[in-house]
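The file input.txt comes next; it holds compact mmCIF, C-alpha atoms.
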```txt
# COMPACT_ATOMS: atom_id res chain seq x y z
CA MET A 1214 114.99 110.57 112.74
CA THR A 1215 116.57 107.79 110.70
CA HIS A 1216 113.68 107.09 108.34
CA VAL A 1217 110.81 108.68 106.44
CA LEU A 1218 107.43 107.37 105.41
CA LEU A 1219 106.16 107.19 101.84
CA TYR A 1220 102.41 106.68 101.58
CA ASP A 1221 99.68 106.61 98.96
CA CYS A 1222 95.89 106.58 99.19
CA GLU A 1223 93.12 105.20 97.04
CA PHE A 1224 89.93 107.22 97.29
CA LEU A 1225 86.47 106.75 95.85
CA THR A 1226 85.82 107.69 92.26
CA ALA A 1227 83.33 107.09 89.45
CA PRO A 1228 83.34 107.54 85.66
CA GLY A 1229 84.15 111.17 84.84
CA ALA A 1230 84.46 112.24 88.49
CA PRO A 1231 88.08 113.46 88.21
CA MET A 1232 87.19 115.68 85.23
CA ARG A 1233 84.33 117.17 87.29
CA PHE A 1234 86.56 117.48 90.38
CA TRP A 1235 84.09 115.13 92.12
CA ASN A 1236 81.39 117.83 91.81
CA GLY A 1237 78.85 115.93 89.67
CA PRO A 1238 75.41 115.20 91.15
CA ARG A 1239 76.17 111.50 91.49
CA ASP A 1240 79.92 111.67 92.10
CA PRO A 1241 81.03 110.18 95.42
CA ASP A 1242 82.98 112.25 97.89
CA PRO A 1243 86.66 111.32 97.44
CA LEU A 1244 86.75 109.27 100.63
CA ILE A 1245 89.76 107.15 101.51
CA ALA A 1246 89.32 103.40 101.07
CA GLN A 1247 92.96 102.26 101.21
CA ILE A 1248 96.28 103.50 102.57
CA GLY A 1249 99.64 102.02 101.63
CA ALA A 1250 102.80 103.06 103.46
CA VAL A 1251 106.49 102.22 103.26
CA LYS A 1252 109.19 103.03 105.81
CA LEU A 1253 112.44 104.04 104.07
CA GLY A 1254 115.68 104.14 106.01
CA LEU A 1255 117.96 107.13 105.50
CA GLU A 1256 121.15 105.51 106.74
CA GLY A 1257 123.60 103.19 105.00
CA ASP A 1258 122.14 101.69 101.84
CA CYS A 1259 118.75 103.30 102.56
CA PRO A 1260 116.84 100.02 103.01
CA ILE A 1261 113.11 99.52 103.00
CA LEU A 1262 112.44 98.85 106.67
CA ASP A 1263 108.75 97.95 106.69
CA GLN A 1264 105.50 98.31 104.78
CA VAL A 1265 101.77 98.18 105.47
CA ARG A 1266 98.47 98.23 103.60
CA LEU A 1267 95.35 99.39 105.41
CA HIS A 1268 91.78 99.23 104.14
CA VAL A 1269 89.34 101.86 105.32
CA LEU A 1270 85.55 101.72 105.53
CA PRO A 1271 84.32 104.81 103.62
CA ARG A 1272 81.35 106.40 105.40
CA GLY A 1273 79.25 109.18 103.93
CA ARG A 1274 77.65 112.27 105.40
CA ASP A 1275 74.83 110.21 106.88
CA GLY A 1276 77.25 107.82 108.57
CA ALA A 1277 76.36 104.95 106.27
CA ARG A 1278 78.97 103.02 104.37
CA VAL A 1279 79.35 104.25 100.80
CA ALA A 1280 79.09 101.64 98.05
CA LEU A 1281 82.04 101.24 95.70
CA ASP A 1282 81.54 102.23 92.08
CA PRO A 1283 82.39 99.43 89.58
CA LEU A 1284 85.08 101.70 88.06
CA PHE A 1285 86.80 102.02 91.43
CA ILE A 1286 86.71 98.25 91.87
CA ARG A 1287 88.22 97.68 88.41
CA LEU A 1288 90.97 100.25 88.95
CA THR A 1289 92.05 99.23 92.43
CA GLY A 1290 90.97 95.63 92.89
CA ILE A 1291 89.36 96.68 96.17
CA THR A 1292 86.00 94.96 96.56
CA GLU A 1293 83.14 95.18 99.03
CA ALA A 1294 84.15 91.73 100.27
CA ARG A 1295 87.68 92.91 101.00
CA LEU A 1296 86.36 95.89 102.94
CA ASP A 1297 84.02 93.55 104.84
CA ALA A 1298 86.99 91.40 105.80
CA GLU A 1299 89.75 93.98 106.32
CA GLY A 1300 88.17 97.44 106.51
CA LEU A 1301 88.94 99.65 109.50
CA PRO A 1302 87.14 102.72 110.79
CA LEU A 1303 88.88 105.85 109.53
CA ALA A 1304 90.05 106.93 112.99
CA GLU A 1305 91.62 103.53 113.66
CA ALA A 1306 93.34 103.45 110.26
CA LEU A 1307 94.84 106.91 110.84
CA ALA A 1308 95.98 105.93 114.32
CA ARG A 1309 97.72 102.87 112.88
CA LEU A 1310 99.37 105.00 110.18
CA ASP A 1311 100.59 107.44 112.82
CA ALA A 1312 101.99 104.64 114.98
CA PHE A 1313 103.63 103.00 111.96
CA SER A 1314 105.34 106.28 111.03
CA GLU A 1315 106.97 106.57 114.48
CA GLY A 1316 106.71 110.34 114.27
CA SER A 1317 108.46 110.69 110.91
CA THR A 1318 107.42 112.96 108.06
CA LEU A 1319 104.82 111.50 105.69
CA TRP A 1320 105.55 111.96 101.98
CA SER A 1321 103.17 111.28 99.09
CA TRP A 1322 103.32 111.89 95.35
CA GLY A 1323 101.14 114.98 95.41
CA LYS A 1324 98.93 115.98 98.30
CA ASP A 1325 97.03 112.87 99.31
CA GLU A 1326 96.58 114.32 102.79
CA LEU A 1327 93.90 116.65 101.42
CA ASN A 1328 91.63 113.61 101.05
CA LEU A 1329 93.21 111.51 103.80
CA VAL A 1330 92.79 113.94 106.72
CA GLY A 1331 90.86 116.69 104.94
CA VAL A 1332 87.82 115.40 103.11
CA SER A 1333 87.56 112.02 104.83
CA CYS A 1334 87.77 113.36 108.39
CA TRP A 1335 85.40 116.23 107.65
CA ILE A 1336 82.78 114.00 106.05
CA GLU A 1337 82.99 111.52 108.93
CA GLY A 1338 82.90 114.30 111.51
CA ILE A 1339 86.14 113.49 113.32
CA ALA A 1340 88.99 115.81 114.20
CA PRO A 1341 92.06 115.26 111.96
CA PRO A 1342 94.54 113.38 114.16
CA LEU A 1343 97.57 114.34 112.05
CA PRO A 1344 98.48 118.03 111.55
CA PRO A 1345 99.36 119.48 108.11
CA SER A 1346 102.95 119.98 109.26
CA ARG A 1347 103.49 116.19 109.22
CA PHE A 1348 102.93 115.95 105.45
CA ARG A 1349 105.14 116.75 102.46
CA ASN A 1350 104.90 116.51 98.67
CA ALA A 1351 107.44 114.09 97.16
CA CYS A 1352 107.30 116.00 93.87
CA ASP A 1353 109.50 118.59 95.59
CA LEU A 1354 112.17 115.96 96.14
CA LEU A 1355 112.51 115.35 92.41
CA LEU A 1356 113.02 119.06 91.90
CA ALA A 1357 115.72 118.94 94.59
CA ALA A 1358 117.31 116.04 92.67
CA GLY A 1359 117.61 118.21 89.57
CA GLU A 1360 114.56 117.20 87.54
CA THR A 1361 112.80 120.01 85.70
CA LEU A 1362 109.36 121.23 86.70
CA GLU A 1363 108.00 120.21 83.29
CA THR A 1364 109.33 116.68 83.74
CA VAL A 1365 107.96 116.31 87.26
CA GLN A 1366 104.53 117.54 86.21
CA GLY A 1367 104.36 114.81 83.57
CA LEU A 1368 105.16 111.95 85.96
CA ARG A 1369 102.83 109.80 88.04
CA SER A 1370 103.72 107.67 91.01
CA ASN A 1371 103.53 104.44 89.03
CA THR A 1372 105.66 105.83 86.15
CA LEU A 1373 108.52 107.09 88.32
CA PRO A 1374 110.71 103.94 88.35
CA ALA A 1375 110.55 103.56 84.56
CA HIS A 1376 111.55 107.20 84.11
CA PHE A 1377 114.77 106.52 86.02
CA GLY A 1378 115.32 103.03 84.59
CA ILE A 1379 114.98 101.40 88.00
CA GLU A 1380 114.56 97.64 88.16
CA HIS A 1381 112.31 96.54 91.01
CA PRO A 1382 109.85 93.82 92.02
CA PRO A 1383 106.45 94.09 90.33
CA VAL A 1384 104.02 96.58 91.86
CA GLN A 1385 100.36 97.17 91.14
CA ALA A 1386 99.25 100.62 89.96
CA HIS A 1387 96.16 102.10 91.63
CA ASP A 1388 97.05 100.17 94.77
CA GLY A 1389 98.04 102.22 97.80
CA LEU A 1390 101.01 100.06 98.71
CA GLY A 1391 102.05 99.47 95.10
CA ASP A 1392 102.13 103.19 94.33
CA ALA A 1393 103.90 103.96 97.62
CA LEU A 1394 106.54 101.36 96.76
CA ALA A 1395 107.04 102.89 93.29
CA VAL A 1396 107.78 106.26 94.91
CA THR A 1397 109.99 104.58 97.51
CA TYR A 1398 112.11 102.74 94.92
CA THR A 1399 112.62 106.04 93.12
CA LEU A 1400 113.67 108.01 96.19
CA GLN A 1401 115.86 105.12 97.34
CA HIS A 1402 117.61 105.22 93.94
CA LEU A 1403 118.13 108.99 94.17
CA LEU A 1404 119.58 108.64 97.67
CA ARG A 1405 121.90 105.80 96.66
CA THR A 1406 123.18 107.72 93.62
CA GLY A 1407 123.80 110.90 95.62
CA ARG A 1408 121.16 113.01 93.90
CA LEU A 1409 119.33 113.31 97.21
CA SER A 1410 120.59 113.38 100.79
CA PRO A 1411 118.77 112.85 104.11
CA GLY A 1412 118.88 116.61 104.53
CA ASP A 1413 116.59 117.01 101.55
CA PHE A 1414 113.91 115.21 103.57
CA GLY A 1415 114.33 117.63 106.44
CA GLN A 1416 116.03 114.87 108.43
CA THR A 1417 119.48 114.88 110.00
```

Please go through the file and, once you have read it, give me the structure as structure tokens.
Amino acid sequence: MTHVLLYDCEFLTAPGAPMRFWNGPRDPDPLIAQIGAVKLGLEGDCPILDQVRLHVLPRGRDGARVALDPLFIRLTGITEARLDAEGLPLAEALARLDAFSEGSTLWSWGKDELNLVGVSCWIEGIAPPLPPSRFRNACDLLLAAGETLETVQGLRSNTLPAHFGIEHPPVQAHDGLGDALAVTYTLQHLLRTGRLSPGDFGQT
């Protein structure tokens, strides 16, 4: 495999929901509403090969579409109108992500797969089409590059490039593709400077 996939998800939230671990009586289930993914080459200058942003129609336990909380709209810029125009059923979005990855490992900053193919698939009542073995935590790559555990725990996907002093085109935080690109620019930098190698991604 000559590339890996960096992805990020935006999932439903509401005021205070993260502090309650989405367990409050009116907290939404953390359903996926957007997936951003970037294909990073592992050969030569490690170029960005392709990128995609997918919007997903979040459906609740009754099968009905879940309304977006105003906080979620403010954070992400994702609106009901955008979902009306671009939203895909969860199964179709995951199939497109799988096809886009071309069988490569899927890396996120943290464990987005727990909501992507865990919560979202369970709530919608579909079998997860991607097995856990396909997913990895990009935080581990920073440890492999020599960053301390304390440092890694204090970083977020959108703060990674600034931590390493990386200049890059503007990206939007709390946007699936923007956050995936921020992680990609960071890993690309670590590959180009020799702090990471393709072998660290489990690729040869």

Which is closest to Arg1274 (chain A) among A:Ser1333, A:Thr1292, A:Asn1371, A:Thr1226, if we use all atoms listed in the file? A:Ser1333

Find the distance between CA of Lys1252 (chain A) and CA of Leu1218 (chain A) and write it in Å to one decimal.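 Atom-to-atom, CA of Lys1252 (chain A) and CA of Leu1218 (chain A) are spaced 4.7 Å apart.
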
Selection: 7 Å around region 1314-1318 of chain A, all atoms listed in the file, excl. self and same-chain fewer than 2 positions, as a PDB file with C-alpha atoms, in the coordinates of the input:
```pdb
ATOM      1  CA  MET A1214     114.990 110.570 112.740  1.00  0.00           C
ATOM      2  CA  HIS A1216     113.680 107.090 108.340  1.00  0.00           C
ATOM      3  CA  VAL A1217     110.810 108.680 106.440  1.00  0.00           C
ATOM      4  CA  LEU A1218     107.430 107.370 105.410  1.00  0.00           C
ATOM      5  CA  LEU A1310      99.370 105.000 110.180  1.00  0.00           C
ATOM      6  CA  ASP A1311     100.590 107.440 112.820  1.00  0.00           C
ATOM      7  CA  ALA A1312     101.990 104.640 114.980  1.00  0.00           C
ATOM      8  CA  TRP A1320     105.550 111.960 101.980  1.00  0.00           C
ATOM      9  CA  ARG A1347     103.490 116.190 109.220  1.00  0.00           C
ATOM     10  CA  PHE A1348     102.930 115.950 105.450  1.00  0.00           C
TER      11      PHE A1348
END
```

Of the residues A:Leu1303, A:Leu1409, A:Leu1356, A:Leu1319, which is the one nearest to Ala1340 (chain A), using all atoms listed in the file?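 Result for the nearest residue to Ala1340 (chain A): A:Leu1303.
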
If you measure from CA of Pro1345 (chain A) to CA of Gly1331 (chain A), what distance in Å do you get, rounded to one decimal?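 Distance reported for this atom pair: 9.5 Å.
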
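Neighbours of Val1396 (chain A) closer than or equal to 10 Å, with all atoms listed in the file counted and sequence neighbours fewer than 2 positions away skipped, come out as Leu1219, Tyr1220, Asp1221, Val1251, Trp1320, Ser1321, Trp1322, Ala1351, Cys1352, Arg1369, Ser1370, Asn1371, Thr1372, Leu1373, Pro1374, Leu1390, Gly1391, Asp1392, Ala1393, Leu1394, Tyr1398, Thr1399, Leu1400, Gln1401 and His1402 of chain A.
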
Residues of the last selection are to be written out with C-alpha atoms, as a PDB file, keeping the file's coordinate frame.
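Contents of out01.pdb, as written:
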```
ATOM      1  CA  LEU A1219     106.160 107.190 101.840  1.00  0.00           C
ATOM      2  CA  TYR A1220     102.410 106.680 101.580  1.00  0.00           C
ATOM      3  CA  ASP A1221      99.680 106.610  98.960  1.00  0.00           C
ATOM      4  CA  VAL A1251     106.490 102.220 103.260  1.00  0.00           C
ATOM      5  CA  TRP A1320     105.550 111.960 101.980  1.00  0.00           C
ATOM      6  CA  SER A1321     103.170 111.280  99.090  1.00  0.00           C
ATOM      7  CA  TRP A1322     103.320 111.890  95.350  1.00  0.00           C
ATOM      8  CA  ALA A1351     107.440 114.090  97.160  1.00  0.00           C
ATOM      9  CA  CYS A1352     107.300 116.000  93.870  1.00  0.00           C
ATOM     10  CA  ARG A1369     102.830 109.800  88.040  1.00  0.00           C
ATOM     11  CA  SER A1370     103.720 107.670  91.010  1.00  0.00           C
ATOM     12  CA  ASN A1371     103.530 104.440  89.030  1.00  0.00           C
ATOM     13  CA  THR A1372     105.660 105.830  86.150  1.00  0.00           C
ATOM     14  CA  LEU A1373     108.520 107.090  88.320  1.00  0.00           C
ATOM     15  CA  PRO A1374     110.710 103.940  88.350  1.00  0.00           C
ATOM     16  CA  LEU A1390     101.010 100.060  98.710  1.00  0.00           C
ATOM     17  CA  GLY A1391     102.050  99.470  95.100  1.00  0.00           C
ATOM     18  CA  ASP A1392     102.130 103.190  94.330  1.00  0.00           C
ATOM     19  CA  ALA A1393     103.900 103.960  97.620  1.00  0.00           C
ATOM     20  CA  LEU A1394     106.540 101.360  96.760  1.00  0.00           C
ATOM     21  CA  TYR A1398     112.110 102.740  94.920  1.00  0.00           C
ATOM     22  CA  THR A1399     112.620 106.040  93.120  1.00  0.00           C
ATOM     23  CA  LEU A1400     113.670 108.010  96.190  1.00  0.00           C
ATOM     24  CA  GLN A1401     115.860 105.120  97.340  1.00  0.00           C
ATOM     25  CA  HIS A1402     117.610 105.220  93.940  1.00  0.00           C
TER      26      HIS A1402
END
```

Find the residues around Ile1286 (chain A) up to 12 Å (only C-alpha atoms counted), leave out those fewer than 3 positions away in its own chain, and share them as a PDB file with C-alpha atoms, keeping the file's coordinate frame.
```pdb
ATOM      1  CA  GLU A1223      93.120 105.200  97.040  1.00  0.00           C
ATOM      2  CA  PHE A1224      89.930 107.220  97.290  1.00  0.00           C
ATOM      3  CA  LEU A1225      86.470 106.750  95.850  1.00  0.00           C
ATOM      4  CA  THR A1226      85.820 107.690  92.260  1.00  0.00           C
ATOM      5  CA  ALA A1227      83.330 107.090  89.450  1.00  0.00           C
ATOM      6  CA  PRO A1228      83.340 107.540  85.660  1.00  0.00           C
ATOM      7  CA  ALA A1246      89.320 103.400 101.070  1.00  0.00           C
ATOM      8  CA  GLN A1247      92.960 102.260 101.210  1.00  0.00           C
ATOM      9  CA  ALA A1280      79.090 101.640  98.050  1.00  0.00           C
ATOM     10  CA  LEU A1281      82.040 101.240  95.700  1.00  0.00           C
ATOM     11  CA  ASP A1282      81.540 102.230  92.080  1.00  0.00           C
ATOM     12  CA  PRO A1283      82.390  99.430  89.580  1.00  0.00           C
ATOM     13  CA  THR A1289      92.050  99.230  92.430  1.00  0.00           C
ATOM     14  CA  GLY A1290      90.970  95.630  92.890  1.00  0.00           C
ATOM     15  CA  ILE A1291      89.360  96.680  96.170  1.00  0.00           C
ATOM     16  CA  THR A1292      86.000  94.960  96.560  1.00  0.00           C
ATOM     17  CA  GLU A1293      83.140  95.180  99.030  1.00  0.00           C
ATOM     18  CA  ALA A1294      84.150  91.730 100.270  1.00  0.00           C
ATOM     19  CA  ARG A1295      87.680  92.910 101.000  1.00  0.00           C
ATOM     20  CA  LEU A1296      86.360  95.890 102.940  1.00  0.00           C
ATOM     21  CA  HIS A1387      96.160 102.100  91.630  1.00  0.00           C
ATOM     22  CA  ASP A1388      97.050 100.170  94.770  1.00  0.00           C
TER      23      ASP A1388
END
```

Select, from A:Gly1412, A:Pro1383, A:Pro1231, A:Gly1367, the residue with the minimum atom-to-atom distance to Ala1395 (chain A), counting all atoms listed in the file.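 Of A:Gly1412, A:Pro1383, A:Pro1231, A:Gly1367, the one nearest Ala1395 (chain A), counting all atoms listed in the file, is A:Pro1383.
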
Kindly provide, as a PyMOL selection string, the polymer residues lying within 6 Å of (117.3, 115.4, 96.3), counting only C-alpha atoms and using the coordinates exactly as they appear in the file. chain A and resi 1354+1357-1358+1408-1410+1413

Excluding Gly1273 (chain A) and its own-chain neighbours fewer than 3 positions away, which residues fall within 8 Å of it when counting all atoms listed in the file? Please give them as a ChimeraX atom specification. /A:1242,1276-1279,1336-1337

Work out how far CA of Glu1363 (chain A) is from CA of Asp1258 (chain A), in Å to one decimal. 29.8 Å

Counting only C-alpha atoms, the residue of A:Asp1325, A:Pro1243, A:Gly1338, A:Gln1385 that sits nearest Phe1285 (chain A): A:Pro1243
